[in-house]
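Worksheet: one structure, shown below.
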Amino acid sequence: VLLLCRRPRAHRANGIGIWLPILSFLSILAVFTNTAVLLLSSRALRELGLSPRGLAYVCLAVEHTVFLFKIGLARLIPDTPLWVEAEKARRAFFVRKLQLEREVNQAQEDAKVASDQDMEGARPSGAAMANQDRFDDDETPGSS
């Protein structure tokens with residue numbers, strides 16, 4: 001049972017996916033419904049002697065105030081903490097540094113291969129070496 005019913009391994013994700021818009025919609029809906037329930041069930045508003053239209057205006061004003069406060073807080077508080085942004089920037093820096101080091105190493109290897117090929121082209125082949133030896137023997141001193 002322990003081997004067959006194990007919890008699956010967790011996989012990394014970049015975000016919460018489709019849940020973000022769903023939760024955003026629910027939070028907006030919650031502002032409307034909670035404000036309506038709170039104000040419509042309040043005894044204090046009934047004792048003020050407001051008409052139904054006046055009660056609707058008060059409900060609408062409070063709902064808009066809470067909604068604007070919610071938007072203001074959402075804009076004020078960043079989505080990711082500063083330490084997470086700093087860690088992402090640090091990792092991106094090191095990734096770029098490694099990429100540059102690999103490019104430099106590859107360029108050095110390519111230059112070495114090219115210079116080795118140039119050196120092989122400058123070296124005389126075996127037949128050319130034999131011909132060079134023959135010419136050297138003809139030009140020996142005292143043979144003229």
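Residues in the structure tokens are numbered from 1 in each chain, the chains being A, B, ... in the order shown, and ligands are numbered from 1 in the order shown.
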
Please identify all polymer residues within 8 Å of segment 17-29 of chain A, counting only C-alpha atoms, omitting same-chain residues fewer than 3 positions from it, and present them as a PDB file with N, CA, C and O atoms, in the first residue's frame.
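Heads up, here's the output in out27.pdb:
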```pdb
ATOM      1  N   PHE A  32     -19.089  42.932  -3.772  1.00  0.00           N
ATOM      2  CA  PHE A  32     -20.496  43.266  -4.006  1.00  0.00           C
ATOM      3  C   PHE A  32     -21.417  42.560  -3.023  1.00  0.00           C
ATOM      4  O   PHE A  32     -22.274  43.187  -2.392  1.00  0.00           O
ATOM      5  N   THR A  33     -21.263  41.251  -2.908  1.00  0.00           N
ATOM      6  CA  THR A  33     -22.199  40.484  -2.069  1.00  0.00           C
ATOM      7  C   THR A  33     -22.025  40.796  -0.591  1.00  0.00           C
ATOM      8  O   THR A  33     -23.023  40.956   0.121  1.00  0.00           O
ATOM      9  N   PHE A  67     -14.410  48.838  -3.071  1.00  0.00           N
ATOM     10  CA  PHE A  67     -13.804  48.372  -4.315  1.00  0.00           C
ATOM     11  C   PHE A  67     -12.595  49.214  -4.699  1.00  0.00           C
ATOM     12  O   PHE A  67     -11.558  48.696  -5.110  1.00  0.00           O
TER      13      PHE A  67
END
```

Practice item. Can you check which residues of segment 3-78 of chain A DSSP gives as helix (DSSP H, G or I) on the backbone and send them as an MDAnalysis selection string? Key: chainID A and resid 19:40 43:47 52:76

**Study point:** Residues near His64 of chain A, cut-off 12 Å, only C-alpha atoms, skip fewer than 3 positions along chain, as a VMD selection string
**Key:** chain A and resid 28 31 to 32 35 to 36 57 to 61 67 to 71
